[in-house]
Structures are given as C-alpha cells and as structure tokens.
Amino acid sequence: MAMQENLSVVLHAAGDLRLEQRAIASPRSHEVLLKINSVGICGTDIHFWKDGGGAGFTVNKPVTLGHEFSGTVVKVGSGVQHLKAGDRVAIEPGVPRDNDEFVRTGRYNLSPTCFASGLPPDHGGMCQYYVHDASYCFKIPDSLSFEEGALVEPLSVAIHACRRAEVKMGCKIFICGAGTIGFMNLLVAKAMGAAQVVICDLSSDRLKMAKEMGADYTLKVGKETAEELAQKVKAALGSMPDITIDCTGAEICMQAGIYATRSGGVLALVGLGHEYANIPILHALLREVDIRGVFKYCNTWPVAIDMLAAKMIDVKPLVTHRFALKEALKAFETTKKGLGVKVMLKCDPNHLGP
C-alpha cells in the first residue's frame, strides 16, 4: 500500500494550528501502524488551541492533536499476536510507560509518566497514519462504525465516572452540562440502572436533545444561585439526588452539586475547570457528601465496545458535524462556536461517512 502522505493537525502555539505533512513512523515490535478514519474534536483540543495549554499540559513544541480516534491496522510489529492488517480498532490513548504502583493496582490512568495521545508533548491521532501500542488498540465488530469506535473514548470517560460515583440500580442522578460528556454520562447512568436523571445546561437545544436521549427531567440554567439550582433539582426529582456528576468544571455547578446531593451521597467532578474554586466545603463535610475526582479512564474500552455492540446505548446521534481532515481549521472553529455536539474529522478521503 502506498503511504506517501500523512496530513496532520499540528498545534505550534496558542492560536497557531496548522495542517502539515508529517513522516509516517514504523511500528516497533509491540506497536501497530494505523490508518486513521475518524477523530472527534474534544473541548480539551479547543483549550489547547485557544490557550496553548490546559489541565496541567502546556504546548512547548509542535504537537499533533487528537485523542478520540479509530482506524484500521495497516502493519503490525514483530511481537504483536492479537491484531493483523485489516483489523478495525478503537484506540485507547493513554498508555503506561512504567510499571509503577498505579499500574500494578489497576489504576494506570493515575501514573504520572503515562503516555497520552494528543496531550502535549505526546503526539495524537489527528492525522492519516499513526503508530500506537498494540495492547491499547481494541478490535471493533463490523456492526460498529468508525465514528462509534472514536466515541469509545468519551464513552469511557462516562463509564469511569459512573464507576467512581458508584451508580447503582434505582438511584437518582443530577448531571451538570449537556455536552458530549454529559450526554455520555446520561446514557451510561441509565444503562447501569439509574431510575431518574435530571440534567442542566444553558442551551435549550441541548436540553431538548438530552430529553430525546433519555433524561427524565431537564433544567435550563439562568441567573439563579447555586442553592436555587439545587432546590430546582430537588423539586424535579422529588428528593435530593444520590449522585451529582459535574461535567462542566464551572464553579456554580460544583457549588450546586454539593448543595443538591443528599447527605451521604457522591459528587463526581469530571469537567476540567480552574485550578482553584470557591465551594461550600462545610456543607459537604457536615453532610458527608463525598467529592471524587474523575481523571480520564482505566479498564473501560472492552466494556464500552460491548455496550455499543449490544445496542445498550446509542451514541450515533451525538455526531452532528463531519469535516474532511483538510478542513480541520473550519472544524475547530465550528467546535469553538458550540455548534452541534460532536464534530468529527474524517481522515480517510475515500471514506467521509460514518
């Protein structure tokens, strides 16, 4: 197969996003060379582009973005046994570098030396060809599209969040933020047995979509205080929620999460906000509301793929825009403006559909 071109979306500095041809790497013994099909644009990508960094990462040298991606195996390293050329795969972007205490205890997402595709300084998959550790490439069945394969990444965030929050059958949940991650948490929480879910957002259109995707109640956020929002949540559910999952990182949502969550419940923080936040910590302390951080994911790709293959959840409606890779700058502008939900880049010029 001729592989002369490798068009890539490369961030050089804040506001300096370029389309460049990059060399195609050869896989080492434990790696595979992938032909990338679909890459989702994440809010983190937008922060990197606008601000030159975020979430503890800084762009100090040119980096290829992209951490929500899927593709086809083109070539396998000499030591790879479970994959072959032609296999369709979803890619887990986080790969441990060291066998440290976090890796040994199954929480490899917390390893400080973990490789992370598309998070500076590690190059990502927003390109035509990409080399990745074969152990973190997971075959997807023919019944799933490449876009569903790419959406396994944000779906994994939600699976990890719901595990951390201990979502159980019959529980009531409050979700802050009707973006991709909020929608994914809605779908996963329902699949895990949540009885009622209320979701809030600034956008009426997104709340309408949340209702279509299974939300029992929606709340449009206006100028109310965090305590007033918490009271609206209680009124909608008929009681305080067992769990709040904040997917925004906004201070008011973290505050509302503490006020809203029942005593002994859990507030899971998924959205990335500022380094410091003013929150009513005494309310959490006196009522034993557990505040739990959620960082990426671990041990979620097989579960996510199985859930999609079994039709337990449907993520396809989340993809609202598609752009060819050569239109990446337009795609980033579309995402920045908050148009639609998930913007997908199509890296194979011969396969621009789902």
# chains A, B, ... in the order shown; residues from 1 in each chain; ligands from 1
>>> closest_atom_pairs(of="segment 266-298 of chain A", to="segment 41-46 of chain A", cutoff="12 Å", atoms="only C-alpha atoms", output="Markdown table")
| residue | atom | partner | partner_atom | distance |
| --- | --- | --- | --- | --- |
| A:Gly271 | CA | A:Gly43 | CA | 10.0 |
| A:Leu272 | CA | A:Thr44 | CA | 8.8 |
| A:Gly273 | CA | A:Thr44 | CA | 11.0 |
| A:Lys296 | CA | A:Thr44 | CA | 11.9 |
>>> write_last_selection(atoms="all heavy atoms", output="mmCIF file, in the first residue's frame")
data_model
loop_
_atom_site.group_PDB
_atom_site.id
_atom_site.type_symbol
_atom_site.label_atom_id
_atom_site.label_comp_id
_atom_site.auth_asym_id
_atom_site.auth_seq_id
_atom_site.Cartn_x
_atom_site.Cartn_y
_atom_site.Cartn_z
ATOM 1 N N GLY A 271 -15.682 17.513 34.752
ATOM 2 C CA GLY A 271 -15.292 18.659 33.944
ATOM 3 C C GLY A 271 -14.047 19.344 34.497
ATOM 4 O O GLY A 271 -13.863 19.446 35.712
ATOM 5 N N LEU A 272 -13.192 19.798 33.591
ATOM 6 C CA LEU A 272 -11.948 20.470 33.979
ATOM 7 C C LEU A 272 -12.162 21.975 34.024
ATOM 8 O O LEU A 272 -12.451 22.601 33.007
ATOM 9 C CB LEU A 272 -10.834 20.132 32.985
ATOM 10 C CG LEU A 272 -10.417 18.654 32.929
ATOM 11 C CD1 LEU A 272 -9.456 18.422 31.779
ATOM 12 C CD2 LEU A 272 -9.795 18.230 34.245
ATOM 13 N N GLY A 273 -12.035 22.537 35.209
ATOM 14 C CA GLY A 273 -12.204 23.977 35.373
ATOM 15 C C GLY A 273 -10.887 24.630 35.746
ATOM 16 O O GLY A 273 -9.812 24.207 35.326
ATOM 17 N N LYS A 296 -9.733 10.918 33.374
ATOM 18 C CA LYS A 296 -9.694 10.048 32.193
ATOM 19 C C LYS A 296 -10.466 8.741 32.443
ATOM 20 O O LYS A 296 -11.662 8.765 32.708
ATOM 21 C CB LYS A 296 -8.251 9.797 31.749
ATOM 22 C CG LYS A 296 -7.512 11.066 31.334
ATOM 23 C CD LYS A 296 -6.239 10.800 30.575
ATOM 24 C CE LYS A 296 -5.186 10.132 31.371
ATOM 25 N NZ LYS A 296 -3.871 10.078 30.699
#
>>> residues_around(residues="segment 29-36 of chain A", least_positions_apart="2", cutoff="9 Å", atoms="only C-alpha atoms", output="ChimeraX atom specification")
/A:24-27,38-39,69-80,83-85,89,125-135,137,346-348
>>> select_by_dssp(residues="segment 112-202 of chain A", states="helix (DSSP H, G or I)", output="ChimeraX atom specification")
/A:134-136,146-150,152-165,180-191
>>> write_last_selection(atoms="C-alpha atoms", output="compact mmCIF listing (two decimals), in the first residue's frame")
# COMPACT_ATOMS: atom_id res chain seq x y z
CA ALA A 134 -0.96 -2.68 20.11
CA SER A 135 -2.16 -3.60 23.60
CA TYR A 136 -4.22 -0.39 23.65
CA PHE A 146 -15.57 4.03 12.83
CA GLU A 147 -17.29 7.03 14.42
CA GLU A 148 -18.69 4.81 17.16
CA GLY A 149 -15.15 3.50 17.58
CA ALA A 150 -13.86 7.04 18.06
CA VAL A 152 -15.47 4.94 22.76
CA GLU A 153 -13.08 7.50 24.28
CA PRO A 154 -15.70 9.93 25.67
CA LEU A 155 -17.92 6.96 26.46
CA SER A 156 -15.06 5.59 28.56
CA VAL A 157 -14.91 8.86 30.50
CA ALA A 158 -18.55 8.33 31.44
CA ILE A 159 -18.09 4.67 32.36
CA HIS A 160 -15.20 5.59 34.62
CA ALA A 161 -17.19 8.49 36.11
CA CYS A 162 -20.21 6.31 36.86
CA ARG A 163 -17.97 3.67 38.42
CA ARG A 164 -16.27 6.29 40.58
CA ALA A 165 -19.66 7.69 41.59
CA THR A 180 -20.73 15.18 24.85
CA ILE A 181 -19.54 14.04 28.30
CA GLY A 182 -22.83 14.96 29.95
CA PHE A 183 -24.76 13.01 27.32
CA MET A 184 -22.43 10.03 27.71
CA ASN A 185 -22.94 10.05 31.48
CA LEU A 186 -26.69 10.18 30.94
CA LEU A 187 -26.55 7.12 28.67
CA VAL A 188 -24.23 5.13 30.93
CA ALA A 189 -26.12 6.01 34.13
CA LYS A 190 -29.37 4.83 32.58
CA ALA A 191 -27.71 1.65 31.32
>>> closest_residue(among="A:Lys139, A:Arg97, A:Arg287, A:Arg292", to="Leu269 of chain A", atoms="only C-alpha atoms")
A:Arg292
>>> atom_distance(atom1="atom CA of Ile199 of chain A", atom2="atom CA of Cys176 of chain A")
5.8 Å
>>> atom_distance(atom1="atom CA of Pro121 of chain A", atom2="atom CA of Val59 of chain A")
6.9 Å
>>> residues_around(residues="Cys171 of chain A", least_positions_apart="3", cutoff="12 Å", atoms="only C-alpha atoms", output="count of residues only")
27
>>> residues_around(residues="segment 108-112 of chain A", least_positions_apart="3", cutoff="7 Å", atoms="only C-alpha atoms", output="tab-separated table (two decimals) with C-alpha atoms, in the first residue's frame")
chain	number	residue	atom	x	y	z
A	96	PRO	CA	1.54	3.39	30.78
A	102	PHE	CA	-0.70	2.78	39.96
A	103	VAL	CA	-0.23	0.41	37.05
A	296	LYS	CA	-9.69	10.05	32.19
A	297	TYR	CA	-10.43	6.28	32.46
A	298	CYS	CA	-8.95	2.85	33.01
>>> closest_residue(among="A:Ile140, A:Gly238, A:Met254, A:Gly177", to="Leu219 of chain A", atoms="only C-alpha atoms")
A:Gly177
>>> atom_distance(atom1="atom CA of Phe323 of chain A", atom2="atom CA of Val270 of chain A")
27.6 Å
>>> closest_residue(among="A:Cys253, A:Ala324, A:Cys200, A:Val95", to="Ala226 of chain A", atoms="only C-alpha atoms")
A:Cys253
>>> closest_residue(among="A:Val319, A:Met344, A:Glu101, A:Ala250", to="Ala331 of chain A", atoms="only C-alpha atoms")
A:Met344
>>> residues_around(residues="Gln231 of chain A", least_positions_apart="3", cutoff="10 Å", atoms="only C-alpha atoms", output="PyMOL selection string")
chain A and resi 225-228+234-236+239-240+256+259-260
